>>> print(open('structure10.cif').read())   # mmCIF, N, CA and C atoms
data_target
#
loop_
_atom_site.group_PDB
_atom_site.id
_atom_site.type_symbol
_atom_site.label_atom_id
_atom_site.label_comp_id
_atom_site.auth_asym_id
_atom_site.auth_seq_id
_atom_site.Cartn_x
_atom_site.Cartn_y
_atom_site.Cartn_z
ATOM 1 N N MET A 1 58.225 -79.467 166.838
ATOM 2 C CA MET A 1 57.509 -78.504 166.045
ATOM 3 C C MET A 1 56.518 -77.783 166.953
ATOM 4 N N TYR A 2 56.522 -76.470 166.896
ATOM 5 C CA TYR A 2 55.617 -75.654 167.699
ATOM 6 C C TYR A 2 54.541 -75.123 166.757
ATOM 7 N N ASP A 3 53.448 -75.895 166.627
ATOM 8 C CA ASP A 3 52.438 -75.585 165.623
ATOM 9 C C ASP A 3 51.078 -75.240 166.215
ATOM 10 N N THR A 4 50.997 -75.079 167.535
ATOM 11 C CA THR A 4 49.752 -74.639 168.153
ATOM 12 C C THR A 4 50.001 -73.332 168.890
ATOM 13 N N PHE A 5 48.923 -72.630 169.193
ATOM 14 C CA PHE A 5 49.052 -71.354 169.884
ATOM 15 C C PHE A 5 49.790 -71.515 171.209
ATOM 16 N N LEU A 6 49.399 -72.489 172.011
ATOM 17 C CA LEU A 6 50.024 -72.652 173.330
ATOM 18 C C LEU A 6 51.505 -73.007 173.237
ATOM 19 N N LYS A 7 51.866 -73.860 172.306
ATOM 20 C CA LYS A 7 53.280 -74.208 172.134
ATOM 21 C C LYS A 7 54.075 -72.980 171.697
ATOM 22 N N ARG A 8 53.520 -72.206 170.735
ATOM 23 C CA ARG A 8 54.220 -70.996 170.282
ATOM 24 C C ARG A 8 54.292 -69.965 171.399
ATOM 25 N N PHE A 9 53.231 -69.866 172.196
ATOM 26 C CA PHE A 9 53.191 -68.888 173.286
ATOM 27 C C PHE A 9 54.274 -69.175 174.324
ATOM 28 N N LYS A 10 54.390 -70.421 174.743
ATOM 29 C CA LYS A 10 55.391 -70.759 175.761
ATOM 30 C C LYS A 10 56.795 -70.766 175.180
ATOM 31 N N GLY A 11 56.953 -71.341 173.985
ATOM 32 C CA GLY A 11 58.271 -71.379 173.367
ATOM 33 C C GLY A 11 59.340 -71.879 174.318
ATOM 34 N N LEU A 12 60.394 -71.108 174.469
ATOM 35 C CA LEU A 12 61.515 -71.504 175.336
ATOM 36 C C LEU A 12 61.524 -70.761 176.673
ATOM 37 N N MET A 13 60.416 -70.101 177.008
ATOM 38 C CA MET A 13 60.381 -69.401 178.286
ATOM 39 C C MET A 13 60.655 -70.383 179.413
ATOM 40 N N PHE A 14 61.502 -69.989 180.330
ATOM 41 C CA PHE A 14 61.855 -70.731 181.543
ATOM 42 C C PHE A 14 62.706 -71.982 181.287
ATOM 43 N N GLU A 15 63.136 -72.203 180.059
ATOM 44 C CA GLU A 15 63.980 -73.364 179.752
ATOM 45 C C GLU A 15 65.447 -73.034 180.037
ATOM 46 N N ASN A 16 66.248 -74.050 180.327
ATOM 47 C CA ASN A 16 67.669 -73.863 180.612
ATOM 48 C C ASN A 16 68.569 -74.174 179.429
ATOM 49 N N ASP A 17 68.034 -74.855 178.404
ATOM 50 C CA ASP A 17 68.837 -75.167 177.226
ATOM 51 C C ASP A 17 67.915 -75.537 176.066
ATOM 52 N N ILE A 18 68.513 -75.660 174.886
ATOM 53 C CA ILE A 18 67.793 -76.110 173.701
ATOM 54 C C ILE A 18 68.395 -77.451 173.315
ATOM 55 N N LYS A 19 67.604 -78.486 173.407
ATOM 56 C CA LYS A 19 68.114 -79.818 173.085
ATOM 57 C C LYS A 19 68.137 -80.062 171.579
ATOM 58 N N ASN A 20 67.150 -79.517 170.871
ATOM 59 C CA ASN A 20 67.033 -79.661 169.426
ATOM 60 C C ASN A 20 66.518 -78.351 168.848
ATOM 61 N N PRO A 21 66.796 -78.084 167.574
ATOM 62 C CA PRO A 21 66.198 -76.904 166.947
ATOM 63 C C PRO A 21 64.673 -76.970 167.047
ATOM 64 N N ILE A 22 64.042 -75.822 167.195
ATOM 65 C CA ILE A 22 62.591 -75.767 167.336
ATOM 66 C C ILE A 22 62.001 -75.002 166.158
ATOM 67 N N LEU A 23 61.086 -75.637 165.458
ATOM 68 C CA LEU A 23 60.427 -75.060 164.293
ATOM 69 C C LEU A 23 59.105 -74.447 164.728
ATOM 70 N N PHE A 24 58.934 -73.142 164.479
ATOM 71 C CA PHE A 24 57.681 -72.440 164.745
ATOM 72 C C PHE A 24 57.029 -72.150 163.401
ATOM 73 N N ILE A 25 55.855 -72.719 163.165
ATOM 74 C CA ILE A 25 55.152 -72.497 161.907
ATOM 75 C C ILE A 25 54.189 -71.331 162.085
ATOM 76 N N VAL A 26 54.240 -70.369 161.149
ATOM 77 C CA VAL A 26 53.321 -69.236 161.173
ATOM 78 C C VAL A 26 52.015 -69.699 160.536
ATOM 79 N N PRO A 27 50.896 -69.610 161.239
ATOM 80 C CA PRO A 27 49.629 -70.100 160.683
ATOM 81 C C PRO A 27 49.267 -69.425 159.370
ATOM 82 N N GLN A 28 48.664 -70.194 158.468
ATOM 83 C CA GLN A 28 48.252 -69.667 157.157
ATOM 84 C C GLN A 28 47.249 -68.533 157.292
ATOM 85 N N ASN A 29 46.373 -68.604 158.288
ATOM 86 C CA ASN A 29 45.302 -67.621 158.409
ATOM 87 C C ASN A 29 45.712 -66.331 159.111
ATOM 88 N N ILE A 30 46.944 -66.237 159.547
ATOM 89 C CA ILE A 30 47.386 -65.008 160.208
ATOM 90 C C ILE A 30 47.535 -63.900 159.158
ATOM 91 N N LEU A 31 47.020 -62.729 159.465
ATOM 92 C CA LEU A 31 47.012 -61.645 158.490
ATOM 93 C C LEU A 31 48.363 -60.977 158.333
ATOM 94 N N TYR A 32 49.103 -60.876 159.415
ATOM 95 C CA TYR A 32 50.356 -60.137 159.404
ATOM 96 C C TYR A 32 51.488 -61.111 159.677
ATOM 97 N N LYS A 33 52.242 -61.472 158.651
ATOM 98 C CA LYS A 33 53.297 -62.486 158.807
ATOM 99 C C LYS A 33 54.674 -61.876 159.026
ATOM 100 N N LYS A 34 54.709 -60.615 159.415
ATOM 101 C CA LYS A 34 55.957 -59.986 159.830
ATOM 102 C C LYS A 34 55.899 -59.957 161.354
ATOM 103 N N LEU A 35 56.717 -60.748 161.990
ATOM 104 C CA LEU A 35 56.572 -60.992 163.416
ATOM 105 C C LEU A 35 57.627 -60.303 164.264
ATOM 106 N N ILE A 36 57.311 -60.186 165.529
ATOM 107 C CA ILE A 36 58.283 -59.791 166.542
ATOM 108 C C ILE A 36 58.455 -60.995 167.458
ATOM 109 N N ILE A 37 59.677 -61.449 167.584
ATOM 110 C CA ILE A 37 60.008 -62.577 168.449
ATOM 111 C C ILE A 37 60.705 -62.004 169.678
ATOM 112 N N HIS A 38 60.263 -62.428 170.842
ATOM 113 C CA HIS A 38 60.891 -61.916 172.059
ATOM 114 C C HIS A 38 61.564 -63.046 172.827
ATOM 115 N N SER A 39 62.465 -62.642 173.707
ATOM 116 C CA SER A 39 63.128 -63.611 174.578
ATOM 117 C C SER A 39 62.862 -63.271 176.046
ATOM 118 N N PHE A 40 61.699 -62.670 176.304
ATOM 119 C CA PHE A 40 61.306 -62.364 177.677
ATOM 120 C C PHE A 40 61.126 -63.680 178.438
ATOM 121 N N PHE A 41 61.541 -63.702 179.669
ATOM 122 C CA PHE A 41 61.449 -64.869 180.552
ATOM 123 C C PHE A 41 62.351 -66.018 180.108
ATOM 124 N N MET A 42 63.246 -65.762 179.170
ATOM 125 C CA MET A 42 64.183 -66.808 178.747
ATOM 126 C C MET A 42 65.462 -66.680 179.554
ATOM 127 N N ARG A 43 66.083 -67.802 179.805
ATOM 128 C CA ARG A 43 67.308 -67.842 180.622
ATOM 129 C C ARG A 43 68.571 -67.945 179.781
ATOM 130 N N ILE A 44 68.410 -68.218 178.493
ATOM 131 C CA ILE A 44 69.564 -68.490 177.634
ATOM 132 C C ILE A 44 69.470 -67.675 176.346
ATOM 133 N N PRO A 45 70.620 -67.320 175.751
ATOM 134 C CA PRO A 45 70.584 -66.697 174.424
ATOM 135 C C PRO A 45 70.274 -67.761 173.371
ATOM 136 N N ILE A 46 69.740 -67.345 172.238
ATOM 137 C CA ILE A 46 69.399 -68.282 171.162
ATOM 138 C C ILE A 46 69.775 -67.680 169.815
ATOM 139 N N ASP A 47 69.867 -68.527 168.810
ATOM 140 C CA ASP A 47 69.977 -68.103 167.412
ATOM 141 C C ASP A 47 68.624 -68.307 166.757
ATOM 142 N N ILE A 48 68.292 -67.440 165.803
ATOM 143 C CA ILE A 48 67.012 -67.520 165.100
ATOM 144 C C ILE A 48 67.250 -67.412 163.605
ATOM 145 N N MET A 49 66.564 -68.277 162.846
ATOM 146 C CA MET A 49 66.527 -68.185 161.380
ATOM 147 C C MET A 49 65.083 -67.927 160.969
ATOM 148 N N ALA A 50 64.857 -66.916 160.135
ATOM 149 C CA ALA A 50 63.539 -66.655 159.557
ATOM 150 C C ALA A 50 63.530 -67.242 158.153
ATOM 151 N N VAL A 51 62.461 -67.978 157.825
ATOM 152 C CA VAL A 51 62.401 -68.747 156.583
ATOM 153 C C VAL A 51 61.129 -68.394 155.816
ATOM 154 N N ASN A 52 61.264 -68.209 154.496
ATOM 155 C CA ASN A 52 60.084 -67.900 153.675
ATOM 156 C C ASN A 52 59.414 -69.181 153.190
ATOM 157 N N ASP A 53 58.370 -69.024 152.368
ATOM 158 C CA ASP A 53 57.625 -70.197 151.908
ATOM 159 C C ASP A 53 58.380 -71.032 150.879
ATOM 160 N N ARG A 54 59.517 -70.534 150.386
ATOM 161 C CA ARG A 54 60.378 -71.312 149.482
ATOM 162 C C ARG A 54 61.508 -72.005 150.252
ATOM 163 N N LEU A 55 61.401 -71.957 151.581
ATOM 164 C CA LEU A 55 62.375 -72.553 152.502
ATOM 165 C C LEU A 55 63.767 -71.939 152.376
ATOM 166 N N GLU A 56 63.794 -70.652 152.058
ATOM 167 C CA GLU A 56 65.046 -69.891 152.008
ATOM 168 C C GLU A 56 65.173 -69.074 153.293
ATOM 169 N N ILE A 57 66.371 -69.021 153.826
ATOM 170 C CA ILE A 57 66.623 -68.195 155.008
ATOM 171 C C ILE A 57 66.638 -66.742 154.559
ATOM 172 N N ILE A 58 65.729 -65.944 155.109
ATOM 173 C CA ILE A 58 65.650 -64.540 154.697
ATOM 174 C C ILE A 58 66.219 -63.589 155.749
ATOM 175 N N ASP A 59 66.431 -64.112 156.961
ATOM 176 C CA ASP A 59 67.063 -63.306 157.999
ATOM 177 C C ASP A 59 67.543 -64.239 159.105
ATOM 178 N N LYS A 60 68.471 -63.763 159.883
ATOM 179 C CA LYS A 60 68.998 -64.557 160.998
ATOM 180 C C LYS A 60 69.558 -63.604 162.035
ATOM 181 N N THR A 61 69.588 -64.059 163.272
ATOM 182 C CA THR A 61 70.128 -63.237 164.347
ATOM 183 C C THR A 61 70.428 -64.098 165.563
ATOM 184 N N SER A 62 71.161 -63.520 166.490
ATOM 185 C CA SER A 62 71.327 -64.096 167.817
ATOM 186 C C SER A 62 70.585 -63.181 168.777
ATOM 187 N N LEU A 63 69.879 -63.775 169.717
ATOM 188 C CA LEU A 63 69.014 -63.014 170.606
ATOM 189 C C LEU A 63 69.333 -63.349 172.057
ATOM 190 N N LYS A 64 69.671 -62.326 172.833
ATOM 191 C CA LYS A 64 69.949 -62.513 174.260
ATOM 192 C C LYS A 64 68.639 -62.491 175.044
ATOM 193 N N PRO A 65 68.640 -63.054 176.260
ATOM 194 C CA PRO A 65 67.433 -62.989 177.080
ATOM 195 C C PRO A 65 66.959 -61.545 177.292
ATOM 196 N N TRP A 66 65.648 -61.381 177.335
ATOM 197 C CA TRP A 66 64.979 -60.107 177.574
ATOM 198 C C TRP A 66 65.177 -59.095 176.448
ATOM 199 N N HIS A 67 65.290 -59.574 175.226
ATOM 200 C CA HIS A 67 65.368 -58.715 174.044
ATOM 201 C C HIS A 67 64.283 -59.128 173.052
ATOM 202 N N TYR A 68 64.173 -58.380 171.972
ATOM 203 C CA TYR A 68 63.231 -58.765 170.924
ATOM 204 C C TYR A 68 63.873 -58.592 169.563
ATOM 205 N N TYR A 69 63.252 -59.206 168.572
ATOM 206 C CA TYR A 69 63.764 -59.224 167.198
ATOM 207 C C TYR A 69 62.577 -59.081 166.261
ATOM 208 N N LYS A 70 62.624 -58.078 165.401
ATOM 209 C CA LYS A 70 61.537 -57.828 164.454
ATOM 210 C C LYS A 70 61.944 -58.330 163.078
ATOM 211 N N ILE A 71 61.086 -59.158 162.503
ATOM 212 C CA ILE A 71 61.299 -59.666 161.148
ATOM 213 C C ILE A 71 60.539 -58.756 160.200
ATOM 214 N N ASN A 72 61.232 -58.150 159.245
ATOM 215 C CA ASN A 72 60.628 -57.146 158.373
ATOM 216 C C ASN A 72 60.077 -57.701 157.069
ATOM 217 N N GLU A 73 60.118 -59.010 156.900
ATOM 218 C CA GLU A 73 59.561 -59.641 155.708
ATOM 219 C C GLU A 73 58.562 -60.697 156.134
ATOM 220 N N GLU A 74 57.674 -61.067 155.213
ATOM 221 C CA GLU A 74 56.730 -62.131 155.516
ATOM 222 C C GLU A 74 57.466 -63.463 155.576
ATOM 223 N N ILE A 75 57.129 -64.255 156.581
ATOM 224 C CA ILE A 75 57.800 -65.539 156.759
ATOM 225 C C ILE A 75 56.772 -66.670 156.831
ATOM 226 N N ALA A 76 57.241 -67.870 156.557
ATOM 227 C CA ALA A 76 56.412 -69.072 156.701
ATOM 228 C C ALA A 76 56.683 -69.738 158.044
ATOM 229 N N CYS A 77 57.933 -69.630 158.504
ATOM 230 C CA CYS A 77 58.303 -70.233 159.782
ATOM 231 C C CYS A 77 59.596 -69.598 160.270
ATOM 232 N N PHE A 78 59.914 -69.876 161.510
ATOM 233 C CA PHE A 78 61.231 -69.512 162.020
ATOM 234 C C PHE A 78 61.715 -70.651 162.893
ATOM 235 N N ILE A 79 63.025 -70.712 163.039
ATOM 236 C CA ILE A 79 63.646 -71.799 163.778
ATOM 237 C C ILE A 79 64.523 -71.206 164.871
ATOM 238 N N GLU A 80 64.324 -71.703 166.087
ATOM 239 C CA GLU A 80 65.162 -71.298 167.208
ATOM 240 C C GLU A 80 66.193 -72.392 167.446
ATOM 241 N N LEU A 81 67.435 -71.968 167.599
ATOM 242 C CA LEU A 81 68.554 -72.903 167.731
ATOM 243 C C LEU A 81 69.420 -72.503 168.916
ATOM 244 N N GLU A 82 70.264 -73.427 169.336
ATOM 245 C CA GLU A 82 71.185 -73.087 170.421
ATOM 246 C C GLU A 82 72.093 -71.944 169.966
ATOM 247 N N TYR A 83 72.451 -71.096 170.904
ATOM 248 C CA TYR A 83 73.292 -69.937 170.642
ATOM 249 C C TYR A 83 74.623 -70.372 170.023
ATOM 250 N N GLY A 84 75.025 -69.730 168.943
ATOM 251 C CA GLY A 84 76.280 -70.027 168.267
ATOM 252 C C GLY A 84 76.135 -70.988 167.098
ATOM 253 N N TYR A 85 74.975 -71.615 166.950
ATOM 254 C CA TYR A 85 74.749 -72.602 165.887
ATOM 255 C C TYR A 85 74.946 -71.988 164.500
ATOM 256 N N LEU A 86 74.412 -70.791 164.286
ATOM 257 C CA LEU A 86 74.512 -70.155 162.964
ATOM 258 C C LEU A 86 75.960 -69.940 162.550
ATOM 259 N N ASN A 87 76.788 -69.489 163.455
ATOM 260 C CA ASN A 87 78.204 -69.258 163.137
ATOM 261 C C ASN A 87 78.980 -70.561 162.976
ATOM 262 N N ARG A 88 78.735 -71.518 163.856
ATOM 263 C CA ARG A 88 79.458 -72.797 163.779
ATOM 264 C C ARG A 88 79.188 -73.535 162.468
ATOM 265 N N HIS A 89 77.994 -73.363 161.920
ATOM 266 C CA HIS A 89 77.612 -74.091 160.711
ATOM 267 C C HIS A 89 77.603 -73.206 159.464
ATOM 268 N N ASN A 90 78.146 -71.996 159.574
ATOM 269 C CA ASN A 90 78.259 -71.057 158.446
ATOM 270 C C ASN A 90 76.945 -70.877 157.693
ATOM 271 N N ILE A 91 75.871 -70.709 158.416
ATOM 272 C CA ILE A 91 74.551 -70.512 157.808
ATOM 273 C C ILE A 91 74.425 -69.061 157.370
ATOM 274 N N GLU A 92 74.005 -68.876 156.118
ATOM 275 C CA GLU A 92 73.931 -67.549 155.512
ATOM 276 C C GLU A 92 72.524 -67.251 154.995
ATOM 277 N N ILE A 93 72.245 -65.964 154.810
ATOM 278 C CA ILE A 93 71.007 -65.523 154.160
ATOM 279 C C ILE A 93 70.968 -66.134 152.754
ATOM 280 N N ASN A 94 69.792 -66.537 152.317
ATOM 281 C CA ASN A 94 69.510 -67.176 151.025
ATOM 282 C C ASN A 94 69.858 -68.658 150.980
ATOM 283 N N ASP A 95 70.476 -69.209 152.033
ATOM 284 C CA ASP A 95 70.637 -70.656 152.099
ATOM 285 C C ASP A 95 69.249 -71.284 152.136
ATOM 286 N N LYS A 96 69.131 -72.483 151.587
ATOM 287 C CA LYS A 96 67.871 -73.222 151.640
ATOM 288 C C LYS A 96 67.942 -74.229 152.774
ATOM 289 N N ILE A 97 66.787 -74.478 153.389
ATOM 290 C CA ILE A 97 66.728 -75.501 154.423
ATOM 291 C C ILE A 97 65.847 -76.649 153.921
ATOM 292 N N LYS A 98 65.968 -77.765 154.587
ATOM 293 C CA LYS A 98 65.134 -78.918 154.285
ATOM 294 C C LYS A 98 64.480 -79.359 155.589
ATOM 295 N N ILE A 99 63.162 -79.423 155.589
ATOM 296 C CA ILE A 99 62.430 -79.843 156.778
ATOM 297 C C ILE A 99 62.041 -81.298 156.574
ATOM 298 N N ILE A 100 62.529 -82.153 157.485
ATOM 299 C CA ILE A 100 62.223 -83.589 157.335
ATOM 300 C C ILE A 100 61.467 -84.090 158.543
#
>>> encode(input="structure10.cif", output="structure tokens")
Amino acid sequence: MYDTFLKRFKGLMFENDIKNPILFIVPQNILYKKLIIHSFFMRIPIDIMAVNDRLEIIDKTSLKPWHYYKINEEIACFIELEYGYLNRHNIEINDKIKII
């Protein structure tokens, strides 16, 4: 779980792989919960799921290194996954997730 500023700031920069899905929690006190996620300094492509406060997937994408992705809705968290995970597991918009 990436729940501090420094963990969210570093994210997957300079990493060679994703061993487990990574949960990024958007702080409650942040005023603007529509985020831009970048893959600058990343060596690998990733999949991203944007999740609302009802734990519904509201958007998803695959992101190559040195690109960015703008989420146009307010989110509670987003999850970074290994590239291809969304397609392999048939994850769709409006699916619900469970955080354990």
>>> closest_residue(input="structure10.cif", among="A:Arg54, A:His38, A:His89, A:Lys19", to="Trp66 of chain A", atoms="all atoms listed in the file")
A:His38
>>> atom_distance(input="structure10.cif", atom1="atom CA of His67 of chain A", atom2="atom CA of Arg88 of chain A")
22.4 Å
>>> closest_residue(input="structure10.cif", among="A:Ile91, A:Ile71, A:Ile100, A:Cys77", to="Ile37 of chain A", atoms="only C-alpha atoms")
A:Ile71
>>> resolve_selection(input="structure10.cif", expression="the PyMOL selection byres ((chain A and resi 55) around 6)", output="PyMOL selection string")
chain A and resi 51-54+56-57+95-97
>>> closest_residue(input="structure10.cif", among="A:Met42, A:Tyr83, A:Asn90, A:Asn72", to="Asp59 of chain A", atoms="only N, CA and C atoms")
A:Asn72
>>> resolve_selection(input="structure10.cif", expression="the PyMOL selection byres ((chain A and resi 21) around 8)", output="ChimeraX atom specification")
/A:1,18-20,22-24,79-82
>>> resolve_selection(input="structure10.cif", expression="the PyMOL selection byres ((chain A and resi 62) around 7)", output="JSON, numbers by chain")
{"A": [45, 46, 47, 48, 60, 61, 63, 64, 83, 84]}
>>> atom_distance(input="structure10.cif", atom1="atom CA of Asn87 of chain A", atom2="atom CA of Ile58 of chain A")
15.8 Å
